[in-house]
file structure_39.txt (compact mmCIF, C-alpha atoms)
# COMPACT_ATOMS: atom_id res chain seq x y z
CA MET E 1 -58.27 -28.04 -88.19
CA ALA E 2 -57.37 -24.34 -88.10
CA ILE E 3 -59.53 -23.49 -85.07
CA GLU E 4 -57.43 -25.98 -83.08
CA LYS E 5 -54.30 -24.05 -84.14
CA VAL E 6 -55.89 -20.84 -82.90
CA LYS E 7 -56.96 -22.42 -79.61
CA GLU E 8 -53.42 -23.69 -79.11
CA TYR E 9 -52.04 -20.24 -80.00
CA PHE E 10 -54.35 -18.55 -77.46
CA LYS E 11 -53.44 -21.13 -74.78
CA GLY E 12 -50.08 -19.37 -74.62
CA PHE E 13 -51.95 -16.27 -73.41
CA GLY E 14 -54.51 -18.12 -71.30
CA ILE E 15 -57.49 -16.87 -73.32
CA GLU E 16 -58.46 -19.94 -75.37
CA ASN E 17 -61.72 -20.20 -73.42
CA ARG E 18 -62.84 -16.81 -74.74
CA ILE E 19 -63.27 -18.20 -78.27
CA GLN E 20 -66.92 -18.37 -79.22
CA GLU E 21 -68.13 -21.15 -81.52
CA PHE E 22 -71.53 -20.92 -83.19
CA GLU E 23 -74.10 -23.37 -84.50
CA VAL E 24 -74.44 -21.08 -87.53
CA SER E 25 -71.92 -19.77 -90.04
CA SER E 26 -69.92 -16.63 -89.32
CA ALA E 27 -68.03 -16.83 -92.63
CA THR E 28 -68.98 -13.34 -93.84
CA VAL E 29 -69.17 -10.00 -92.06
CA GLU E 30 -72.97 -10.09 -92.22
CA LEU E 31 -73.24 -13.67 -90.92
CA ALA E 32 -70.72 -13.00 -88.15
CA ALA E 33 -72.61 -9.86 -87.06
CA GLU E 34 -75.84 -11.86 -87.00
CA ALA E 35 -74.26 -14.69 -84.97
CA LEU E 36 -72.74 -12.20 -82.52
CA GLN E 37 -75.73 -9.84 -82.50
CA CYS E 38 -73.50 -6.82 -83.15
CA GLU E 39 -73.04 -4.21 -85.83
CA PRO E 40 -71.24 -5.47 -88.97
CA CYS E 41 -68.66 -2.67 -88.64
CA ARG E 42 -67.34 -4.31 -85.42
CA ILE E 43 -66.41 -7.53 -87.22
CA ALA E 44 -62.64 -7.52 -87.73
CA LYS E 45 -62.28 -8.99 -91.19
CA THR E 46 -58.90 -10.32 -92.23
CA LEU E 47 -58.01 -9.87 -95.90
CA SER E 48 -55.29 -11.92 -97.65
CA PHE E 49 -52.99 -10.28 -100.19
CA VAL E 50 -49.72 -11.10 -101.92
CA ILE E 51 -46.85 -8.69 -102.57
CA ASN E 52 -43.95 -10.01 -104.69
CA ASP E 53 -44.87 -13.61 -103.76
CA ASN E 54 -45.00 -12.72 -100.04
CA PRO E 55 -48.38 -13.16 -98.32
CA ILE E 56 -49.75 -10.45 -96.06
CA LEU E 57 -52.88 -10.10 -93.96
CA ILE E 58 -54.64 -6.83 -93.24
CA VAL E 59 -57.22 -6.76 -90.43
CA THR E 60 -59.88 -4.12 -91.09
CA ALA E 61 -63.26 -3.03 -89.75
CA GLY E 62 -66.17 -4.94 -91.26
CA ASP E 63 -67.67 -1.94 -93.04
CA THR E 64 -64.55 -0.89 -94.92
CA LYS E 65 -63.07 -1.53 -98.35
CA ILE E 66 -59.45 -1.29 -99.43
CA ASP E 67 -58.52 2.05 -100.99
CA ASN E 68 -56.26 1.05 -103.89
CA SER E 69 -54.29 4.29 -103.93
CA LYS E 70 -53.64 4.18 -100.17
CA TYR E 71 -52.66 0.50 -100.44
CA LYS E 72 -50.23 1.24 -103.29
CA GLU E 73 -48.72 4.17 -101.37
CA GLN E 74 -48.28 2.01 -98.23
CA PHE E 75 -46.95 -1.17 -99.85
CA LYS E 76 -45.46 0.16 -103.13
CA SER E 77 -47.49 -2.47 -104.94
CA LYS E 78 -50.93 -2.88 -106.49
CA ALA E 79 -53.45 -4.63 -104.22
CA LYS E 80 -53.62 -8.27 -105.30
CA MET E 81 -55.70 -10.62 -103.18
CA LEU E 82 -54.78 -14.28 -102.86
CA LYS E 83 -56.93 -16.55 -104.98
CA PHE E 84 -59.59 -18.59 -103.18
CA ASP E 85 -57.70 -21.86 -103.62
CA GLU E 86 -54.40 -20.35 -102.37
CA VAL E 87 -55.61 -19.05 -99.01
CA LEU E 88 -55.62 -22.25 -96.92
CA GLU E 89 -52.18 -23.42 -98.03
CA THR E 90 -50.60 -19.95 -97.88
CA ILE E 91 -52.18 -18.55 -94.71
CA GLY E 92 -53.18 -21.68 -92.79
CA HIS E 93 -56.89 -20.85 -92.49
CA GLU E 94 -59.75 -21.29 -94.94
CA ILE E 95 -61.76 -18.39 -96.31
CA GLY E 96 -64.46 -17.59 -93.77
CA GLY E 97 -62.12 -18.29 -90.87
CA VAL E 98 -59.04 -16.28 -91.83
CA CYS E 99 -57.67 -14.42 -88.82
CA PRO E 100 -54.32 -13.04 -87.64
CA PHE E 101 -53.79 -15.80 -85.05
CA GLY E 102 -51.99 -19.11 -85.57
CA VAL E 103 -51.10 -18.38 -89.18
CA ASN E 104 -48.31 -19.97 -91.20
CA GLU E 105 -44.78 -18.63 -90.89
CA ASN E 106 -43.66 -15.84 -93.24
CA VAL E 107 -47.09 -14.16 -93.32
CA ASP E 108 -46.80 -10.45 -92.51
CA ILE E 109 -49.75 -9.02 -90.59
CA TYR E 110 -50.99 -5.43 -90.48
CA LEU E 111 -53.81 -3.80 -88.52
CA ASP E 112 -55.81 -1.10 -90.28
CA SER E 113 -56.63 2.10 -88.43
CA SER E 114 -60.34 1.59 -89.23
CA LEU E 115 -60.43 -0.71 -86.17
CA LYS E 116 -59.40 2.04 -83.77
CA ARG E 117 -62.85 3.64 -83.61
CA PHE E 118 -64.22 0.73 -81.59
CA LYS E 119 -63.78 -0.31 -77.97
CA THR E 120 -63.93 -4.01 -78.97
CA VAL E 121 -63.93 -5.93 -82.26
CA PHE E 122 -64.59 -9.54 -83.26
CA PRO E 123 -62.00 -11.34 -85.40
CA ALA E 124 -62.57 -14.92 -86.54
CA CYS E 125 -60.64 -17.77 -84.93
CA GLY E 126 -59.69 -20.07 -87.79
CA SER E 127 -63.10 -21.50 -88.67
CA SER E 128 -66.25 -20.28 -90.40
CA ASN E 129 -68.23 -20.44 -87.16
CA SER E 130 -65.98 -18.80 -84.56
CA ALA E 131 -64.93 -15.42 -83.17
CA ILE E 132 -63.36 -13.77 -80.16
CA GLU E 133 -64.12 -10.35 -78.71
CA LEU E 134 -60.97 -8.30 -78.18
CA THR E 135 -60.26 -4.72 -77.18
CA ILE E 136 -57.97 -2.77 -79.46
CA GLU E 137 -55.21 -3.14 -76.85
CA GLU E 138 -55.78 -6.91 -76.82
CA ILE E 139 -55.75 -7.22 -80.60
CA GLU E 140 -52.39 -5.43 -80.51
CA LYS E 141 -51.14 -7.75 -77.75
CA TYR E 142 -52.30 -11.04 -79.29
CA THR E 143 -51.62 -10.31 -82.97
CA PRO E 144 -48.01 -10.67 -84.16
CA PHE E 145 -48.44 -7.61 -86.39
CA ILE E 146 -45.81 -5.44 -88.04
CA SER E 147 -47.58 -2.09 -87.83
CA TRP E 148 -50.77 -0.12 -88.03
CA VAL E 149 -51.64 1.04 -91.55
CA ASP E 150 -54.30 3.26 -93.12
CA VAL E 151 -55.32 1.54 -96.35
CA CYS E 152 -59.13 1.65 -96.25
CA LYS E 153 -61.64 4.08 -97.71
CA LYS E 154 -63.17 6.45 -95.18
call {"tool": "encode", "arguments": {"input": "structure_39.txt", "output": "structure tokens"}}
result
Amino acid sequence: MAIEKVKEYFKGFGIENRIQEFEVSSATVELAAEALQCEPCRIAKTLSFVINDNPILIVTAGDTKIDNSKYKEQFKSKAKMLKFDEVLETIGHEIGGVCPFGVNENVDIYLDSSLKRFKTVFPACGSSNSAIELTIEEIEKYTPFISWVDVCKK
């Protein structure tokens, strides 16, 4: 199970006990915000794309959408999301639990600047009923990301 991969990943940092698991679904931004009793914008949603057969993840604020022109300028490619049935095998987490922690090898991860307006955000932890609260400094520390990008609409 993917949440076990994330717990094992976070054990290396000693923060596995900070993962929150819910009795209800947190599979969408709205459901996660309800489970956490926070604003939807503070949910750190992780989007799965493919560029020339290479998977990438972009972690964005919950109230944002990808800006296709900014994405194309950043990645020199049209934004193409992974298909629903490709996500688990390609990334290592199912839709609803996709996060930048404990993912498969050869998945490039980017953090979108839309996250920087918050003191803390809540990414999922590999399942559709989990999350962890992290500061921006912590998300940088615990995410094996390549760089910050600006690919969302303002």
call {"tool": "residues_around", "arguments": {"input": "structure_39.txt", "residues": "Val107 in chain E", "least_positions_apart": "3", "cutoff": "7 Å", "atoms": "only C-alpha atoms", "output": "ChimeraX atom specification"}}
result
/E:55-56,91,104
call {"tool": "write_last_selection", "arguments": {"input": "structure_39.txt", "atoms": "C-alpha atoms", "output": "short mmCIF file (atom, residue, chain, number, x, y, z; two decimals), keeping the file's coordinate frame"}}
result
data_model
loop_
_atom_site.label_atom_id
_atom_site.label_comp_id
_atom_site.auth_asym_id
_atom_site.auth_seq_id
_atom_site.Cartn_x
_atom_site.Cartn_y
_atom_site.Cartn_z
CA PRO E 55 -48.38 -13.16 -98.32
CA ILE E 56 -49.75 -10.45 -96.06
CA ILE E 91 -52.18 -18.55 -94.71
CA ASN E 104 -48.31 -19.97 -91.20
#
call {"tool": "residues_near_point", "arguments": {"input": "structure_39.txt", "point": "(-62.4, -1.0, -80.2)", "cutoff": "8 Å", "atoms": "all atoms listed in the file", "output": "short mmCIF file (atom, residue, chain, number, x, y, z; two decimals) with C-alpha atoms, in the frame of the given file"}}
result
data_model
loop_
_atom_site.label_atom_id
_atom_site.label_comp_id
_atom_site.auth_asym_id
_atom_site.auth_seq_id
_atom_site.Cartn_x
_atom_site.Cartn_y
_atom_site.Cartn_z
CA ARG E 42 -67.34 -4.31 -85.42
CA LEU E 115 -60.43 -0.71 -86.17
CA LYS E 116 -59.40 2.04 -83.77
CA ARG E 117 -62.85 3.64 -83.61
CA PHE E 118 -64.22 0.73 -81.59
CA LYS E 119 -63.78 -0.31 -77.97
CA THR E 120 -63.93 -4.01 -78.97
CA VAL E 121 -63.93 -5.93 -82.26
CA LEU E 134 -60.97 -8.30 -78.18
CA THR E 135 -60.26 -4.72 -77.18
CA ILE E 136 -57.97 -2.77 -79.46
#
call {"tool": "closest_residue", "arguments": {"input": "structure_39.txt", "among": "E:Glu23, E:Glu4, E:Glu16, E:Asp150", "to": "Val59 in chain E", "atoms": "only C-alpha atoms"}}
result
E:Asp150
call {"tool": "closest_residue", "arguments": {"input": "structure_39.txt", "among": "E:Phe10, E:Phe122, E:Phe84, E:Val103", "to": "Pro40 in chain E", "atoms": "all atoms listed in the file"}}
result
E:Phe122
call {"tool": "atom_distance", "arguments": {"input": "structure_39.txt", "atom1": "CA of Lys83 in chain E", "atom2": "CA of Asn52 in chain E"}}
result
14.5 Å
call {"tool": "closest_residue", "arguments": {"input": "structure_39.txt", "among": "E:Gly14, E:Gly97, E:Gly62, E:Gly92", "to": "Ser130 in chain E", "atoms": "all atoms listed in the file"}}
result
E:Gly97
call {"tool": "axis_aligned_box", "arguments": {"input": "structure_39.txt", "around": "range 125-140 of chain E", "padding_each_side": "8 Å", "output": "lines of an AutoDock Vina configuration file"}}
result
center_x = -60.3
center_y = -12.1
center_z = -83.6
size_x = 31.8
size_y = 34.7
size_z = 29.6
call {"tool": "closest_residue", "arguments": {"input": "structure_39.txt", "among": "E:Cys99, E:Ile146, E:Cys38, E:Ile109", "to": "Ala2 in chain E", "atoms": "all atoms listed in the file"}}
result
E:Cys99
